[in-house]
Amino acid sequence: MADISANFLGIKSPNPFWLASAPPTDKQTNVLRAFEAGWGGVVWKTLGSQVKNVSSRYSAVDYHGSRVMGFNNIELISDRPLDINLKEIKECIRLFPDRAMVVSLMADNNKESWHELIKKVEDTGAHGFELNFGCPHGMTERGMGAAVGQDPHIAKMVVEWVMEKATIPVITKLTPNVHSVVPTGRAVVEAGTNGLSLINTIQSVTGIDLDTLVPNPYVAGKSVFGGYCGPAVKPIALKFLTTISQNEVTRRVPVSGIGGVSTWKDAVEFMLRGASNVQVCTAVMKHGFRIIEDMCEGMNNWMDEKGYKTIYDFIGKSVNNITHWEDLDINYHHIAKINQDNCIHCGLCYIACEDTSHQAINLDYGNPYNNYSVKDDDCVGCNLCKLVCPVDNCITMEEKRVAPEYMNWIDFQKKGMPLNDH
Amino acid sequence: MIKSNRLTKEQYEKNFADIHPPFETKEATLVEANRCLFCYDAPCTKSCPTSIDIPKFIKQITTDNIKGSAHTIFQSNIMGAGCSKVCPVEKLCEGSCVYNFMEETPVTIARLQRYSTEKAIEKNWQLFKRKASTGKKVAIVGAGPAGLSCAHVLSREGIDVTIYEKESKAGGLMTYGIAAYKVTPEFCKSEVDYITGIGGIEIKYNHALGQNVSMEELQKNYDAVFLAMGVGLARKIGIPGEELEGVVDAIEYIYRLRTNEYNALPVGDKVAVIGMGMTAIDAATQAKRLGAKEVTMVYRRSEAEKSCTQHELDIARLDGCATIWLAAPKEIVGKDGKVTALVCDVMKLGEPDSLGKPAPVATGETITLDVDMVIKATGQKPFEELVNANNVQNKYGKITIDNNATNIKGVFAGGDCVNGGKEVVDAVQAGKDGAKAILKFILNVEG
């Protein structure tokens with residue numbers, strides 16, 4: 001059995017799965033249930049000046065019969081009194097001393113407020129802070145949340161305030177509602193943050209009711225932009241995470257990966273791209289805390305299969321596999337091959353290629369089953385047919401290099417090689 | 001003993017309840033609809049005699065476009081609702097669903113089709129608009145699937161249609177010749193009403209060709225005639241004892257089942273059904289469900305040559321019907337004019353016959369089944385006398401056509417009266433083909 005325990009900035013947890021700062025970590029009842037289920041740690045829902053929430057609060061995007069492919073919310077930070085939150089945090093730490101207890105903070109926009117809040121939370125025995133610079137709704141209008149995270153100068157200033165006072169590790173959570181997370185990431189690392197976490201939610205409109213014409217979630221005939229999360233945002237999160245993992249400044253600190261993590265596979269992907277652990281929210285809001293079981297077992301089995309003893313054996317292993325387009329090997333070529341024994345004759349590869357790509361699939365009419373084969377010379381190796389094929393390994397991509405040696409676009413241009421080679 | 005009223009009201013209701021129940025909820029429908037892969041040049045569509053664009057209508061269910069879904073179905077098959085209940089889909093659309101290659105249950109196309117079409121009928125969405133009247137008139141003989149399908153296409157094109165129907169209800173075999181657990185009389189009526197709801201279609205009931213109306217009148221009063229009178233009763237087997245009390249024709253028996261209360265229909269204790277086609281299955285299961293103690297199906301060939309589908313045979317077996325293969329009826333034995341036994345020759349398979357199936361050959365041995373009722377389901381007989389009397393060219397009663405035109409100018413034909421008896425869905429397509437030929441004839445347009 002591999003060892004999946006994690007140590008994030010000295011904050012230890014039996015596994016690398018934390019619950020993200022969100023409704024599931026809003027109070028003792030939920031957090032104790034999560035710990036009982038086996039979650040490695042939690043980031044307690046953001047504390048700050050008490051707020052008031054509206055009803056309703058969530059909405060979702062369903063796709064092809066699958067519920068909550070994407071999810072959004074218009075909830076604010078914790079709407080419970082601070083002293084109750086603090087008391088409950090202390091109790092959860094007492095009952096589960098082996099789990100990570102990180103507390104999310106969003107103080108009013110002045111140094112005193114931050115210092116006061118930090119002091120109170122440290123008194124609970126919490127193991128670390130996460131600074132909420134990402135909340136995209138409700139708090140931004142008050143100059144907080146994403147309003148801080150979107151401006152590197154403000155973010156830097158706030159982190160400096162925090163670092164003056166904090167005696168436990170500080171993680172700064174970044175907003176994705178920017179064209180790049182790197183400027184703010186660099187600013188807060190330079191200001192001394194011990195770690196980063198990303199992404200927070202993405203501003204969104206999930207859909208519009210075609211009867212009332214009001215977008216979701218509905219609040220008395222109106223709606224607002226909500227923070228989008230869930231499986232749909234994972235690719236965006238992985239992209240932002242990669243930029244943080246590759247930047248020479250931001251890569252100096254550990255990163256907690258967030259954004260659509262639903263399974264052990266998602267978690268491994270985030271960790272391969274440089275996250276030291278992951279945080280989960282939407283998946284538990286859909287399925288409950290019990291999904292932690294397979295997350296642990298699945299990661300463990302995968303690590304055993306691959307021979308990884310600890311999570312540190314694979315964290316970051318894929319960071320360098322994303323490069324610049326100019327560095328890609330232009331002599332690499334592969335073409336699709338349809339394995340006729342596995343083909344179910346659905347024709348999805350054919351119509352996708354014929355209508356929208358390179359007309360590289362041959363159709364041999366039959367009744368009722370047509371046969372499909374790839375026109376090798378016309379296939380550009382785009383993968384589309386393989387992607388739409390409903391059968392695993394029916395379409396494989398076979399390597400057919402143009403030339404044995406590596407050549408990138410820069411060299412290609414230098415040599416004045418022809419563009420129209422197919 | 002042959003007697004009626006064998007079961008309680010509750011037992012009849014249970015036995016004749018819908019054998020292919022609809023989806024109970026929208027959610028259940030969507031789970032199934034979302035399984036469809038939306039195949040290109042889909043094998044299911046190509047396996048449908050009416051070429052319904054199945055991936056499209058299923059996709060439309062998933063997008064909450066039920067009207068569009070129903071329109072897609074009805075555009076190809078105006079009896080799409082009835083076909084969703086009676087089609088042998090296991091050998092048509094569902095049988096060719098690509099999921100079969102994945103050893104996965106095929107998409108339940110019929111059930112999805114029923115979802116959309118039943119909604120359309122229930123809400124009476126008239127999805128086709130009749131073109132302005134052309135002033136042209138067409139007479140159709142027979143308000144079965146072929147006749148109704150032809151009528152609907154013609155009416156859409158602005159033709160005034162009159163259907164002459166010998167029965168008091170429309171629907172043909174759908175109404176009179178299919179097991180009661182597949183379609184109810186109420187459903188058949190609502191389907192006919194829905195089809196004629198487009199307007200421009202008048203049905204004259206209790207009007208039989210050759211009795212209440214003549215071919216000459218039709219030819220004189222209409223621009224074209226479409227013969228779609230189907231086929232008649234079962235052919236005589238030609239064995240001793242066929243006239244005994246207790247020997248019935250399967251189609252006639254189902255007709256009585258469909259036109260009477262269940263408890264009014266007499267059934268024997270021990271019933272033999274001769275034949276192994278779809279009608280034989282219907283007769284056997286219905287007899288069993290009416291309370292017969294034993295039902296035995298006898299077939300002169302082996303299981304491999306059966307003309308019913310495996311799915312249908314399984315229904316009969318689950319109902320407790322026995323099967324005896326390679327048994328050809330030789331004589332029906334009676335006492336006091338009533339059936340007491342069916343004697344069969346034991347057969348073996350020989351060389352292929354004209355149909356390409358191995359011909360059964362008598363071995364010389366016989367078996368005797370003690371039965372008090374024999375239901376003959378050995379295929380139906382075309383209206384040979386009727387077509388001959390009207391000088392319509394035919395082959396053993398089956399009308400000869402060329403692009404749906406008979407030998408008589410302006411007289412067209414299609415459906416069972418041409419092919420000798422196929423599925424409802426084939427008749428619907430024949431009606432469409434007939435309408436197309438007629439439109440070309442009277443309007444010189446492509447329908």
# chains A, B, ... in the order shown; residues from 1 in each chain; ligands from 1
>>> residues_around(residues="A:Lys234", least_positions_apart="3", cutoff="8 Å", atoms="only C-alpha atoms", output="PyMOL selection string")
chain A and resi 230-231+237-238+259-261
>>> select_by_dssp(residues="stretch 258-399 of chain A", states="strand (DSSP E)", output="MDAnalysis selection string")
chainID A and resid 258 275:280 334:338 361:364 371:374 395:399
>>> interface_residues(of="chain A", to="chain B", cutoff="8 Å", atoms="only C-alpha atoms", output="list in words")
His64, Gly65, Ile344, His345, Cys346, Gly347, Leu348, Tyr350, Ile351, Asn367, Pro368, Tyr369 and Pro390 of chain A
>>> closest_atom_pairs(of="stretch 1-115 of chain A", to="stretch 306-309 of chain A", cutoff="10 Å", atoms="only C-alpha atoms", output="JSON lines")
{"residue": "A:Met1", "atom": "CA", "partner": "A:Lys309", "partner_atom": "CA", "distance": 8.0}
{"residue": "A:Ala2", "atom": "CA", "partner": "A:Lys309", "partner_atom": "CA", "distance": 4.9}
{"residue": "A:Asp3", "atom": "CA", "partner": "A:Lys309", "partner_atom": "CA", "distance": 6.0}
{"residue": "A:Ile4", "atom": "CA", "partner": "A:Lys309", "partner_atom": "CA", "distance": 8.2}
>>> residues_around(residues="B:Glu261", least_positions_apart="5", cutoff="10 Å", atoms="only C-alpha atoms", output="list of chain:residue names")
B:Asn5, B:Tyr12, B:Arg256
>>> write_last_selection(atoms="C-alpha atoms", output="PDB file, in the first residue's frame")
ATOM      1  CA  ASN B   5     -66.196 -16.492 -18.428  1.00  0.00           C
ATOM      2  CA  TYR B  12     -58.846 -10.508 -17.312  1.00  0.00           C
ATOM      3  CA  ARG B 256     -63.997 -11.644 -31.665  1.00  0.00           C
TER       4      ARG B 256
END
>>> atom_distance(atom1="atom CA of B:Ala377", atom2="atom CA of B:Ala110")
26.0 Å
>>> atom_distance(atom1="atom CA of A:Met157", atom2="atom CA of A:Thr250")
17.0 Å
>>> atom_distance(atom1="atom CA of B:Ala427", atom2="atom CA of B:Ser76")
12.5 Å
>>> select_by_dssp(residues="stretch 187-432 of chain B", states="alpha helix (DSSP H)", output="NGL selection string")
:B and (187-196 or 215-221 or 250-259 or 278-289 or 310-318 or 384-389 or 416-419 or 424-432)
>>> residues_around(residues="B:Asp269", least_positions_apart="5", cutoff="8 Å", atoms="only C-alpha atoms", output="list of chain:residue names")
B:Met1, B:Ile2, B:Gly291, B:Ala292, B:Lys293, B:Glu294, B:Val371, B:Asp372, B:Met373
>>> residues_around(residues="A:Ala283", least_positions_apart="2", cutoff="10 Å", atoms="only C-alpha atoms", output="list in words")
Val68, Met69, Phe71, Cys229, Gly230, Pro231, Gly260, Val261, Ser262, Thr263, Val280, Cys281, Met285, Lys286, His287, Gly288, Phe289, Ile291 and Ile292 of chain A
>>> residues_around(residues="stretch 32-44 of chain A", least_positions_apart="2", cutoff="10 Å", atoms="only C-alpha atoms", output="ChimeraX atom specification")
/A:5-6,11-30,46-47,78,85,88-89,91-93,95-96,98-105,126,128-130,279-280,284,288-293,295-296
>>> closest_residue(among="B:Asn221, B:Gly135, B:Gly379, B:Val141", to="B:Arg235", atoms="only C-alpha atoms")
B:Gly379
>>> closest_residue(among="B:Pro22, B:Pro240, B:Pro55, B:Gly199", to="B:Lys182", atoms="only C-alpha atoms")
B:Pro22
>>> residues_around(residues="A:Pro81", least_positions_apart="5", cutoff="10 Å", atoms="only C-alpha atoms", output="VMD selection string")
chain A and resid 47 to 51 86
>>> write_last_selection(atoms="N, CA and C atoms", output="compact mmCIF listing (two decimals), in the first residue's frame")
# COMPACT_ATOMS: atom_id res chain seq x y z
N LEU A 47 -14.44 33.42 6.99
CA LEU A 47 -14.89 34.26 8.11
C LEU A 47 -14.55 35.72 7.80
N GLY A 48 -15.39 36.59 8.33
CA GLY A 48 -15.18 38.03 8.15
C GLY A 48 -16.31 38.72 8.88
N SER A 49 -16.60 39.94 8.45
CA SER A 49 -17.76 40.60 9.05
C SER A 49 -19.01 39.82 8.64
N GLN A 50 -19.90 39.64 9.59
CA GLN A 50 -21.06 38.80 9.32
C GLN A 50 -21.91 39.40 8.19
N VAL A 51 -22.43 38.54 7.33
CA VAL A 51 -23.23 38.99 6.17
C VAL A 51 -24.60 38.32 6.21
N LEU A 86 -15.81 30.23 15.62
CA LEU A 86 -14.52 30.00 16.30
C LEU A 86 -14.64 28.86 17.30
>>> decode(residues="stretch 157-258 of chain A", atoms="C-alpha atoms", output="mmCIF file, in the first residue's frame")
data_model
loop_
_atom_site.group_PDB
_atom_site.id
_atom_site.type_symbol
_atom_site.label_atom_id
_atom_site.label_comp_id
_atom_site.auth_asym_id
_atom_site.auth_seq_id
_atom_site.Cartn_x
_atom_site.Cartn_y
_atom_site.Cartn_z
ATOM 1 C CA MET A 157 -0.695 44.957 0.365
ATOM 2 C CA VAL A 158 -3.233 42.732 2.098
ATOM 3 C CA VAL A 159 -0.838 39.778 2.168
ATOM 4 C CA GLU A 160 1.792 42.016 3.722
ATOM 5 C CA TRP A 161 -0.679 42.987 6.465
ATOM 6 C CA VAL A 162 -1.446 39.332 7.054
ATOM 7 C CA MET A 163 2.172 38.207 7.156
ATOM 8 C CA GLU A 164 2.971 40.843 9.796
ATOM 9 C CA LYS A 165 0.608 39.147 12.171
ATOM 10 C CA ALA A 166 0.152 35.490 11.236
ATOM 11 C CA THR A 167 2.185 32.844 13.021
ATOM 12 C CA ILE A 168 0.735 29.880 11.120
ATOM 13 C CA PRO A 169 1.030 29.136 7.370
ATOM 14 C CA VAL A 170 -0.828 31.433 4.979
ATOM 15 C CA ILE A 171 -2.264 30.241 1.678
ATOM 16 C CA THR A 172 -3.556 32.845 -0.750
ATOM 17 C CA LYS A 173 -6.503 31.743 -2.926
ATOM 18 C CA LEU A 174 -6.493 33.213 -6.416
ATOM 19 C CA THR A 175 -9.386 34.271 -8.562
ATOM 20 C CA PRO A 176 -9.651 33.003 -12.141
ATOM 21 C CA ASN A 177 -11.633 36.079 -13.186
ATOM 22 C CA VAL A 178 -8.511 37.580 -14.750
ATOM 23 C CA HIS A 179 -6.720 36.913 -18.031
ATOM 24 C CA SER A 180 -3.769 35.487 -16.081
ATOM 25 C CA VAL A 181 -3.409 34.456 -12.452
ATOM 26 C CA VAL A 182 0.363 34.953 -12.567
ATOM 27 C CA PRO A 183 0.588 38.715 -11.806
ATOM 28 C CA THR A 184 -1.414 38.426 -8.591
ATOM 29 C CA GLY A 185 0.287 35.109 -7.822
ATOM 30 C CA ARG A 186 3.726 36.705 -8.113
ATOM 31 C CA ALA A 187 2.684 39.730 -6.104
ATOM 32 C CA VAL A 188 1.431 37.692 -3.168
ATOM 33 C CA VAL A 189 4.417 35.324 -3.216
ATOM 34 C CA GLU A 190 6.697 38.347 -3.151
ATOM 35 C CA ALA A 191 4.620 39.680 -0.262
ATOM 36 C CA GLY A 192 5.418 36.498 1.640
ATOM 37 C CA THR A 193 2.456 34.173 1.297
ATOM 38 C CA ASN A 194 3.521 30.650 2.218
ATOM 39 C CA GLY A 195 1.358 28.925 -0.358
ATOM 40 C CA LEU A 196 -1.226 29.448 -3.075
ATOM 41 C CA SER A 197 -4.524 27.834 -3.885
ATOM 42 C CA LEU A 198 -6.529 28.049 -7.081
ATOM 43 C CA ILE A 199 -8.960 28.430 -8.656
ATOM 44 C CA ASN A 200 -11.854 30.176 -7.000
ATOM 45 C CA THR A 201 -15.120 30.214 -8.915
ATOM 46 C CA ILE A 202 -15.659 31.796 -12.312
ATOM 47 C CA GLN A 203 -18.292 34.451 -12.897
ATOM 48 C CA SER A 204 -21.137 32.892 -14.801
ATOM 49 C CA VAL A 205 -24.745 32.695 -15.883
ATOM 50 C CA THR A 206 -25.713 29.029 -15.890
ATOM 51 C CA GLY A 207 -28.940 29.342 -17.800
ATOM 52 C CA ILE A 208 -32.184 31.147 -18.287
ATOM 53 C CA ASP A 209 -35.656 29.863 -17.518
ATOM 54 C CA LEU A 210 -37.472 29.879 -20.876
ATOM 55 C CA ASP A 211 -40.833 30.487 -19.202
ATOM 56 C CA THR A 212 -39.961 33.286 -16.776
ATOM 57 C CA LEU A 213 -36.997 34.569 -18.815
ATOM 58 C CA VAL A 214 -35.118 34.999 -15.534
ATOM 59 C CA PRO A 215 -31.628 33.515 -15.272
ATOM 60 C CA ASN A 216 -30.716 31.033 -12.570
ATOM 61 C CA PRO A 217 -30.538 31.115 -9.609
ATOM 62 C CA TYR A 218 -33.871 32.902 -9.234
ATOM 63 C CA VAL A 219 -34.283 35.562 -6.538
ATOM 64 C CA ALA A 220 -37.642 37.309 -6.744
ATOM 65 C CA GLY A 221 -37.605 37.750 -10.499
ATOM 66 C CA LYS A 222 -33.909 38.634 -10.741
ATOM 67 C CA SER A 223 -30.546 36.939 -10.671
ATOM 68 C CA VAL A 224 -26.869 37.921 -10.466
ATOM 69 C CA PHE A 225 -23.640 36.494 -11.811
ATOM 70 C CA GLY A 226 -22.691 33.464 -9.756
ATOM 71 C CA GLY A 227 -19.410 31.663 -9.175
ATOM 72 C CA TYR A 228 -19.046 28.694 -11.524
ATOM 73 C CA CYS A 229 -17.392 25.469 -10.444
ATOM 74 C CA GLY A 230 -17.746 21.708 -10.799
ATOM 75 C CA PRO A 231 -16.458 19.302 -13.491
ATOM 76 C CA ALA A 232 -16.991 21.902 -16.228
ATOM 77 C CA VAL A 233 -14.270 24.211 -14.873
ATOM 78 C CA LYS A 234 -11.562 21.580 -14.396
ATOM 79 C CA PRO A 235 -9.785 22.263 -17.711
ATOM 80 C CA ILE A 236 -9.649 25.966 -16.920
ATOM 81 C CA ALA A 237 -8.336 25.268 -13.450
ATOM 82 C CA LEU A 238 -5.629 22.968 -14.817
ATOM 83 C CA LYS A 239 -4.552 25.679 -17.218
ATOM 84 C CA PHE A 240 -4.264 28.311 -14.497
ATOM 85 C CA LEU A 241 -2.507 25.834 -12.220
ATOM 86 C CA THR A 242 0.016 25.103 -14.962
ATOM 87 C CA THR A 243 0.911 28.770 -15.357
ATOM 88 C CA ILE A 244 1.513 29.011 -11.612
ATOM 89 C CA SER A 245 3.578 25.791 -11.601
ATOM 90 C CA GLN A 246 5.737 27.030 -14.446
ATOM 91 C CA ASN A 247 6.396 30.599 -13.318
ATOM 92 C CA GLU A 248 9.776 30.988 -11.671
ATOM 93 C CA VAL A 249 8.363 33.030 -8.776
ATOM 94 C CA THR A 250 5.048 31.361 -8.071
ATOM 95 C CA ARG A 251 6.472 27.862 -8.338
ATOM 96 C CA ARG A 252 8.537 28.531 -5.215
ATOM 97 C CA VAL A 253 5.510 27.936 -2.979
ATOM 98 C CA PRO A 254 3.253 24.885 -2.717
ATOM 99 C CA VAL A 255 -0.126 25.043 -4.398
ATOM 100 C CA SER A 256 -3.431 23.574 -3.314
ATOM 101 C CA GLY A 257 -5.376 22.642 -6.450
ATOM 102 C CA ILE A 258 -9.076 23.472 -6.748
#
